[in-house]
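Just below is one structure, and these are the notes that go with it.
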Amino acid sequence: MLELSLHVLDIVNNSIKAKATEIEIEINEQVLKNTLTISIKDNGCGMDKEFLKTVTDPFKTIRTTRKVGMGLSMFQAAAEATGGKLKISSKKGVGTLVCVTFTYDHIDRQPLGNMAETMQILTSGNDSIDFIYHHIKEDKEFLFDTRQIKEILGDVSLANPEITMWIRGHIEEGLAELDS
Amino acid sequence: MKSLAELEAIKNKIKNQVEVRRESDSSTRIVVGMATCGIAAGARPVLAALVDEVGKRNLANVNVSQTGCIGMCRLEPIVEVFEPGKERVTYVKMTEEKARKIIAEHIVNGKVVTEFTIGAAE
Ligand SMILES: Nc1ncnc2c1ncn2[C@@H]1O[C@H](COP(=O)(O)OP(=O)(O)O)[C@@H](O)[C@H]1O
Ligand SMILES: [Mg+2]
């Protein structure tokens with residue numbers, strides 16, 4: 001994966017597979033402190049302690065025998081390449097929190113990429129999930145919450161092409177304001 | 001910023017079209033593989049381009065959706081087209097441009113883009 005926003009899409013898909021109904025994504029860019037933090041929190045099925053160990057265990061043999069995939073380890077590698085790390089906490093039946101830190105100006109830090117497209121794709125396939133996307137940059141912030149959108153839409157689906165285009169544009173403009 | 005008032009106006013417009021959109025039995029389904037392998041290979045812009053074309057061309061009975069791993073990771077991004085009464089068409093190694101071409105030629109004009117299909121890739 002070449003962009004952090006692609007990792008976000010992939011990791012949120014884990015939450016969706018875990019039957020989450022509420023998913024919170026927070027991106028915090030603190031350029032002066034030289035940190036970038038991404039956290040993804042869900043209320044899905046969670047993982048028990050034993051399984052959680054294998055998911056972040058660097059000994060890949062366990063992973064292959066368990067036939068679990070690559071998504072988390074790729075995200076972890078992207079963080080570690082910048083001197084950062086990936087932490088997961090999870091509780092069976094409660095949910096999961098994935099928190100990843102990066103060194104902002106590290107030469108190997110992947111660009112954030114197109115978060116508007118990631119959110120467009122996530123919200124378009126999943127009407128029954130509430131997404132909260134909070135993006136902080138220095139002292140500015142942008143908040144996108146599908147609960148507010150659904151209140152306006154009533155029974156019109158978030159998957160409607162015109163709605164997804166609006167969502168994309170809305171987020172693009174909101175994020176551009178963080179840079180201005 | 002694209003305002004909530006604008007969203008409300010779009011919603012009202014859609015609600016007025018809803019009756020026309022309800023013939024879901026005759027609808028075409030376009031499915032994009034969005035597992036880790038698909039995303040890493042570039043499925044996100046492919047999916048976004050398909051949604052964009054369907055929206056812009058107002059193709060009311062075309063439905064774009066996402067699925068997990070289709071099981072041929074090295075051929076990702078993969079797009080499958082299901083049309084009622086026809087055989088499934090599997091497109092492989094998709095890009096944004098190829099995706100737009102598939103909407104124009106296959107979905108709108110009814111001509112399968114053979115050169116992008118799995119048959120041509122194998
Ligand atoms: N948010 C989550 N909630 C519950 N289980 C999770 C979550 N994220 C990951 N998992 C578990 O960890 C496994 C490994 O995840 P990942 O590295 O993304 O690979 P993959 O999704 O391809 O299996 C998943 O298969 C799933 O069992
Ligand atoms: Mg995964």
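Scheme for the structure tokens: letters A, B, ... for chains in order shown; per-chain residue numbers from 1; ligand numbers from 1 in order shown.
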
Notebook entry, point to check: Would you list which chain A residues are within 9 Å of chain B using only C-alpha atoms, as a VMD selection string?
Noted result: chain A and resid 1 to 2 6 to 7 9 to 11 13 69 to 71 117 to 118 120 to 121 124 to 125 149 152 to 156 159 to 167 169 to 174 177

Note to self: I need the residues in chain B that are strand (DSSP E) according to DSSP; give them as number ranges by chain.
What the structure shows: B: 28-33, 62-67, 79-82, 89-91

Report as a PDB file with C-alpha atoms, in the first residue's frame which protein, DNA and RNA residues come within 6 Å of ligand 1, using only C-alpha atoms and all ligand atoms.
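Just written: out_27.pdb:
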```pdb
ATOM      1  CA  ILE A  11      -8.331  -1.617   8.527  1.00  0.00           C
ATOM      2  CA  ASN A  14     -11.798  -5.354   9.438  1.00  0.00           C
ATOM      3  CA  SER A  15     -14.213  -3.444  11.668  1.00  0.00           C
ATOM      4  CA  ALA A  18     -16.393  -7.692  12.737  1.00  0.00           C
ATOM      5  CA  GLY A  44     -17.518  -4.926  16.568  1.00  0.00           C
ATOM      6  CA  CYS A  45     -17.087  -8.460  17.888  1.00  0.00           C
ATOM      7  CA  GLY A  46     -13.578  -7.852  19.237  1.00  0.00           C
ATOM      8  CA  MET A  47     -10.842 -10.436  19.757  1.00  0.00           C
ATOM      9  CA  VAL A  55      -2.421 -10.800  15.285  1.00  0.00           C
ATOM     10  CA  VAL A  68      -4.954 -14.658   8.964  1.00  0.00           C
ATOM     11  CA  GLY A  69      -4.027 -11.960   6.577  1.00  0.00           C
ATOM     12  CA  MET A  70      -1.724  -9.097   5.947  1.00  0.00           C
ATOM     13  CA  GLY A  71      -3.642  -5.909   6.610  1.00  0.00           C
ATOM     14  CA  LEU A  72      -2.576  -5.211  10.191  1.00  0.00           C
ATOM     15  CA  SER A  73       1.013  -6.293   9.659  1.00  0.00           C
ATOM     16  CA  THR A  96     -11.369  -2.913  19.012  1.00  0.00           C
TER      17      THR A  96
END
```

Notebook entry, point to check: Got a sec: who's within 8 Å of Leu143 in chain A, counting only C-alpha atoms, leaving out chain neighbours fewer than 4 positions off, as JSON, numbers by chain?
Noted result: {"A": [132, 133, 134, 135]}

Take the residues just selected and output them with N, CA, C and O atoms as a CSV table (one decimal), in the first residue's frame.
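Result file follows (result06.csv):
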```csv
chain,number,residue,atom,x,y,z
A,132,ILE,N,-17.8,8.0,12.0
A,132,ILE,CA,-17.4,9.3,12.6
A,132,ILE,C,-15.9,9.5,12.2
A,132,ILE,O,-15.1,8.7,12.5
A,133,TYR,N,-15.7,10.6,11.4
A,133,TYR,CA,-14.3,10.8,10.9
A,133,TYR,C,-13.9,12.2,11.4
A,133,TYR,O,-14.5,13.2,11.1
A,134,HIS,N,-12.9,12.2,12.2
A,134,HIS,CA,-12.4,13.4,12.9
A,134,HIS,C,-11.0,13.6,12.4
A,134,HIS,O,-10.1,12.7,12.6
A,135,HIS,N,-10.7,14.7,11.8
A,135,HIS,CA,-9.4,15.0,11.3
A,135,HIS,C,-8.8,16.3,12.0
A,135,HIS,O,-9.4,17.4,11.8
```

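With CA of Lys111 in chain B on one side and CA of Arg88 in chain B on the other, the separation reads 13.3 Å.
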
Margin query: Nearest residue to Ser90 in chain A out of A:Asp145, A:Glu3, A:Glu151, A:Asp42, using only C-alpha atoms?
Written below: A:Asp42

Item checked: For Leu75 in chain B: contacts at 8 Å, only C-alpha atoms, fewer than 3 positions along chain excluded, given as JSON, numbers by chain -> {"B": [72, 78, 92, 93]}

Note to self: DSSP on the backbone: which residues in range 9-121 of chain B end up as helix (DSSP H, G or I)? Give the answer as JSON, numbers by chain.
What the structure shows: {"B": [9, 10, 11, 12, 13, 14, 15, 16, 17, 18, 19, 20, 21, 24, 25, 26, 36, 37, 38, 39, 40, 41, 43, 44, 45, 46, 47, 48, 49, 50, 51, 52, 53, 54, 55, 56, 73, 74, 75, 96, 97, 98, 99, 100, 101, 102, 103, 104, 105, 106, 107, 108, 114, 115, 116, 118, 119, 120, 121]}

Leaving out Phe102 in chain A and any residue of its chain fewer than 4 positions from it, which residues lie within 8 Å of it when counting only C-alpha atoms, given as a CSV table (one decimal) with all heavy atoms, in the first residue's frame?
```
chain,number,residue,atom,x,y,z
A,35,THR,N,4.5,14.5,14.8
A,35,THR,CA,3.8,13.2,14.9
A,35,THR,C,2.5,13.2,14.0
A,35,THR,O,1.9,14.2,13.8
A,35,THR,CB,3.3,13.0,16.4
A,35,THR,OG1,2.4,14.0,16.8
A,35,THR,CG2,4.4,12.9,17.4
A,36,LEU,N,2.2,12.0,13.6
A,36,LEU,CA,1.0,11.8,12.9
A,36,LEU,C,0.4,10.5,13.6
A,36,LEU,O,1.0,9.5,13.7
A,36,LEU,CB,1.2,11.5,11.4
A,36,LEU,CG,0.1,11.0,10.6
A,36,LEU,CD1,-1.1,12.0,10.5
A,36,LEU,CD2,0.6,10.6,9.2
A,37,THR,N,-0.9,10.6,14.0
A,37,THR,CA,-1.5,9.5,14.7
A,37,THR,C,-2.8,9.2,14.0
A,37,THR,O,-3.6,10.1,13.6
A,37,THR,CB,-1.9,9.9,16.1
A,37,THR,OG1,-0.8,10.6,16.7
A,37,THR,CG2,-2.1,8.7,17.0
A,79,ALA,N,4.2,2.0,9.9
A,79,ALA,CA,4.5,2.8,11.1
A,79,ALA,C,5.9,2.6,11.6
A,79,ALA,O,6.6,3.6,11.8
A,79,ALA,CB,3.5,2.4,12.2
A,80,GLU,N,6.3,1.4,11.7
A,80,GLU,CA,7.7,1.1,12.2
A,80,GLU,C,8.8,1.6,11.3
A,80,GLU,O,9.8,2.0,11.8
A,80,GLU,CB,7.8,-0.4,12.5
A,80,GLU,CG,7.0,-0.9,13.7
A,80,GLU,CD,7.0,-2.4,13.9
A,80,GLU,OE1,7.6,-3.1,13.1
A,80,GLU,OE2,6.5,-2.8,15.0
A,82,THR,N,8.9,4.4,10.1
A,82,THR,CA,9.1,5.8,10.5
A,82,THR,C,9.5,6.0,11.9
A,82,THR,O,9.6,7.1,12.4
A,82,THR,CB,7.8,6.6,10.3
A,82,THR,OG1,6.9,6.3,11.3
A,82,THR,CG2,7.2,6.3,8.9
A,83,GLY,N,9.7,4.8,12.6
A,83,GLY,CA,10.0,4.9,14.1
A,83,GLY,C,8.8,4.9,14.9
A,83,GLY,O,8.9,5.2,16.1
A,84,GLY,N,7.6,4.7,14.3
A,84,GLY,CA,6.4,4.7,15.1
A,84,GLY,C,6.0,3.3,15.4
A,84,GLY,O,6.7,2.4,15.3
A,85,LYS,N,4.7,3.1,15.9
A,85,LYS,CA,4.2,1.8,16.2
A,85,LYS,C,2.7,1.7,16.0
A,85,LYS,O,2.0,2.7,15.9
A,85,LYS,CB,4.7,1.3,17.5
A,85,LYS,CG,4.5,2.3,18.7
A,85,LYS,CD,4.6,1.5,20.0
A,85,LYS,CE,5.9,1.7,20.7
A,85,LYS,NZ,6.4,2.7,21.4
A,109,ARG,N,7.8,8.0,5.7
A,109,ARG,CA,6.4,8.1,6.0
A,109,ARG,C,5.5,8.2,4.7
A,109,ARG,O,5.7,9.1,3.9
A,109,ARG,CB,6.1,9.3,6.9
A,109,ARG,CG,4.8,9.0,7.6
A,109,ARG,CD,3.8,10.1,7.9
A,109,ARG,NE,4.1,11.5,7.6
A,109,ARG,CZ,3.3,12.2,6.7
A,109,ARG,NH1,2.3,11.6,6.1
A,109,ARG,NH2,3.6,13.4,6.5
```
